[in-house]
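Chemist: Take this structure, written in structure tokens, and hold onto it; I'll ask about it next.
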Amino acid sequence: HSSRVDALWNGVIAKQIDYYDHISRKQSQTITLNTDRPIAIAYLSDLHLGSAGTDYISVKRDAELVRDTDGMYAVFHGDGMDNWIVGKLQGLQRNQVVQYDDEWRLFASWIGILSPKLLAVVSGNHELWSYKIAHLDIARDALKDVRCLYDKHQVVFDLHLNDARIRHIVRHKWRYNSVHNPTHGLEVAWDRGDIDYDVAIGGHTHIGTFFRGFVRHNKKRLAVLTGTY
């Protein structure tokens with residue numbers, strides 16, 4: 001009995017060490033772009049492929065624009081497909097204009113279009129429903145042949161561009177919303193967390209795109225809140 005309990009303790013401690021090592025790696029990723037020409041990063045989220053209301057023309061056109069434009073890159077941060085598989089929402093899936101298999105194929109194809117230019121990907125709550133119910137990481141599966149940063153919840157990376165270093169923190173959904181300031185959750189993240197960032201990126205709200213500069217702790221920062229298709 002004693003040896004089994006000791007093994008349990010050792011196993012839990014080892015898992016905890018691995019977990020915090022993972023968190024540390026997640027907070028110290030770097031992306032280096034060596035160029036003397038201007039670059040652009042398109043922050044994309046909330047495609048909701050499968051929905052009758054999605055602008056499929058723009059979804060495909062924008063991905064192809066990023067792929068075909070020299071010096072243009074992309075970060076995707078969640079809700080690529082509707083994925084209505086949660087119990088009370090399954091009725092919505094049955095009424096979709098796009099079948100579930102085709103919904104997934106469209107999302108995987110869209111990732112494929114962007115794959116040469118993807119810097120980072122974060123899952124949204126719609127992808128995470130599959131992980132919650134069946135432990136399937138469908139966003140990661142779509143990235144199986146893509147070299148980019150990925151995490152289910154948050155990616156932090158330092159973008160090194162010549163002599164500049166710009167720290168990005170990317171999530172799908174941020175806590176602490178405000179009816180007075182749509183980017184409030186992104187802007188107070190430095191105070192409520194432990195990551196000093198230059199640019200915070202989020203989506204989820206479907207209220208339109210905001211690109212807002214603000215000052216926190218004597219440093220100018222940016223909050224980027226993307227809309228939906």
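Identifiers in this document derive from the order of the structure tokens: chains are assigned A, B, ..., residues are numbered from 1 separately in each chain, and ligands are numbered from 1 in order of occurrence.
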So which residues touch stretch 181-195 of chain A within 12 Å, counting only C-alpha atoms, skipping near sequence neighbours fewer than 6 positions away, as a VMD selection string?

Modeler: chain A and resid 23 to 24 26 to 28 154 to 158 167 to 175 201 to 217 219 to 227

Chemist: Just the strand (DSSP E or B) stuff from stretch 12-214 of chain A, please, per backbone DSSP, written as an NGL selection string.

Modeler: :A and (29-33 or 40-44 or 49 or 72-76 or 81 or 118-122 or 149-151 or 155-161 or 164-170 or 199-202 or 210-214)

Chemist: Give me the residues near A:Trp129 as a short mmCIF file (atom, residue, chain, number, x, y, z; two decimals) with N, CA, C and O atoms, in the first residue's frame, where near means some atom within 12 Å (using only C-alpha atoms) and where sequence neighbours in that chain fewer than 2 positions away do not count.

Modeler:
data_model
loop_
_atom_site.label_atom_id
_atom_site.label_comp_id
_atom_site.auth_asym_id
_atom_site.auth_seq_id
_atom_site.Cartn_x
_atom_site.Cartn_y
_atom_site.Cartn_z
N GLY A 78 -9.82 31.17 -33.17
CA GLY A 78 -10.98 30.45 -32.69
C GLY A 78 -12.30 30.58 -33.42
O GLY A 78 -12.58 31.55 -34.11
N ASP A 79 -13.11 29.54 -33.22
CA ASP A 79 -14.46 29.41 -33.79
C ASP A 79 -14.43 29.38 -35.31
O ASP A 79 -15.10 30.16 -36.00
N MET A 81 -15.57 26.81 -36.99
CA MET A 81 -16.80 26.13 -37.42
C MET A 81 -17.81 26.17 -36.29
O MET A 81 -17.46 26.40 -35.13
N ASP A 82 -19.08 25.99 -36.65
CA ASP A 82 -20.13 26.05 -35.62
C ASP A 82 -20.04 24.88 -34.65
O ASP A 82 -20.17 25.05 -33.44
N ASN A 83 -19.90 23.65 -35.18
CA ASN A 83 -19.65 22.49 -34.32
C ASN A 83 -20.70 22.34 -33.22
O ASN A 83 -20.39 22.14 -32.05
N TRP A 84 -21.97 22.41 -33.61
CA TRP A 84 -23.06 22.36 -32.63
C TRP A 84 -23.24 20.92 -32.11
O TRP A 84 -24.16 20.22 -32.51
N ILE A 85 -22.37 20.47 -31.22
CA ILE A 85 -22.44 19.10 -30.72
C ILE A 85 -22.81 19.02 -29.25
O ILE A 85 -22.97 17.92 -28.72
N VAL A 86 -22.91 20.17 -28.59
CA VAL A 86 -23.31 20.18 -27.18
C VAL A 86 -24.79 19.84 -27.09
O VAL A 86 -25.59 20.29 -27.92
N GLY A 87 -25.15 19.05 -26.07
CA GLY A 87 -26.49 18.48 -25.95
C GLY A 87 -27.64 19.36 -26.38
O GLY A 87 -28.34 19.05 -27.36
N LEU A 89 -27.70 22.02 -27.95
CA LEU A 89 -27.48 22.74 -29.21
C LEU A 89 -27.47 21.81 -30.42
O LEU A 89 -27.35 22.28 -31.55
N GLN A 90 -27.61 20.50 -30.20
CA GLN A 90 -27.51 19.56 -31.31
C GLN A 90 -28.61 19.77 -32.34
O GLN A 90 -28.42 19.49 -33.53
N SER A 123 -7.60 27.78 -30.16
CA SER A 123 -8.97 27.28 -30.31
C SER A 123 -9.98 28.27 -29.73
O SER A 123 -9.66 29.07 -28.84
N GLY A 124 -11.21 28.18 -30.23
CA GLY A 124 -12.33 28.92 -29.66
C GLY A 124 -13.23 27.98 -28.89
O GLY A 124 -13.02 26.76 -28.86
N ASN A 125 -14.25 28.54 -28.26
CA ASN A 125 -15.15 27.70 -27.47
C ASN A 125 -15.87 26.66 -28.32
O ASN A 125 -16.17 25.55 -27.85
N HIS A 126 -16.13 26.97 -29.60
CA HIS A 126 -16.82 26.00 -30.45
C HIS A 126 -15.94 24.79 -30.76
O HIS A 126 -16.43 23.67 -30.83
N GLU A 127 -14.63 25.01 -30.96
CA GLU A 127 -13.72 23.87 -31.11
C GLU A 127 -13.57 23.11 -29.80
O GLU A 127 -13.48 21.87 -29.79
N TYR A 131 -13.37 18.92 -27.50
CA TYR A 131 -12.40 18.50 -26.49
C TYR A 131 -13.10 18.18 -25.17
O TYR A 131 -12.78 17.21 -24.49
N LYS A 132 -14.09 18.99 -24.82
CA LYS A 132 -14.80 18.78 -23.57
C LYS A 132 -15.60 17.49 -23.57
O LYS A 132 -15.63 16.75 -22.59
N ILE A 133 -16.22 17.17 -24.70
CA ILE A 133 -17.10 16.02 -24.77
C ILE A 133 -16.34 14.73 -25.07
O ILE A 133 -16.59 13.69 -24.47
N ALA A 134 -15.38 14.80 -26.02
CA ALA A 134 -14.73 13.57 -26.48
C ALA A 134 -13.21 13.62 -26.42
O ALA A 134 -12.55 12.70 -26.90
N HIS A 135 -12.64 14.66 -25.83
CA HIS A 135 -11.19 14.81 -25.72
C HIS A 135 -10.53 14.85 -27.11
O HIS A 135 -9.42 14.36 -27.29
N LEU A 136 -11.24 15.42 -28.08
CA LEU A 136 -10.71 15.57 -29.43
C LEU A 136 -10.32 17.02 -29.66
O LEU A 136 -11.15 17.92 -29.53
N ASP A 137 -9.07 17.24 -30.00
CA ASP A 137 -8.58 18.60 -30.27
C ASP A 137 -8.65 18.84 -31.77
O ASP A 137 -7.69 18.63 -32.50
N ILE A 138 -9.81 19.28 -32.24
CA ILE A 138 -10.05 19.34 -33.68
C ILE A 138 -9.24 20.44 -34.35
O ILE A 138 -8.88 20.32 -35.53
N ALA A 139 -8.95 21.52 -33.65
CA ALA A 139 -8.11 22.57 -34.25
C ALA A 139 -6.69 22.06 -34.44
O ALA A 139 -6.07 22.29 -35.47
N LYS A 152 -4.68 25.37 -26.96
CA LYS A 152 -6.14 25.37 -26.89
C LYS A 152 -6.69 26.67 -26.33
O LYS A 152 -7.81 27.06 -26.67
#

Chemist: Can you tell me which residues surround stretch 39-51 of chain A at a distance of at most 6 Å, considering only C-alpha atoms, apart from same-chain residues fewer than 4 positions away, and format the answer as a ChimeraX atom specification?

Modeler: /A:71-82,98,103,228-229

Chemist: For A:Val97, find every residue with an atom within 10 Å (counting only C-alpha atoms), except residues of its own chain fewer than 2 positions away, and show them as a list of chain:residue names.

Modeler: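 Contacts, with the query itself left out: A:Gly50, A:Ser51, A:Ala52, A:Gly53, A:Gln93, A:Arg94, A:Asn95, A:Gln99, A:Tyr100, A:Glu103.
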
Chemist: Just the residues within 12 Å of A:Asp163, please, counting only C-alpha atoms, with nothing from its chain fewer than 4 positions along; format it as an MDAnalysis selection string.

Modeler: chainID A and resid 32:36 159

Chemist: Give me the residues near A:Arg147 as a VMD selection string, where near means some atom within 9 Å (using only C-alpha atoms) and where sequence neighbours in that chain fewer than 3 positions away do not count.

Modeler: chain A and resid 115 to 116 118 to 120 143 to 144

Chemist: Just the number, please: distance in Å from atom CA of A:Ile113 to atom CA of A:Arg67, one decimal.

Modeler: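 About the pair atom CA of A:Ile113 and atom CA of A:Arg67: they are 6.7 Å apart.
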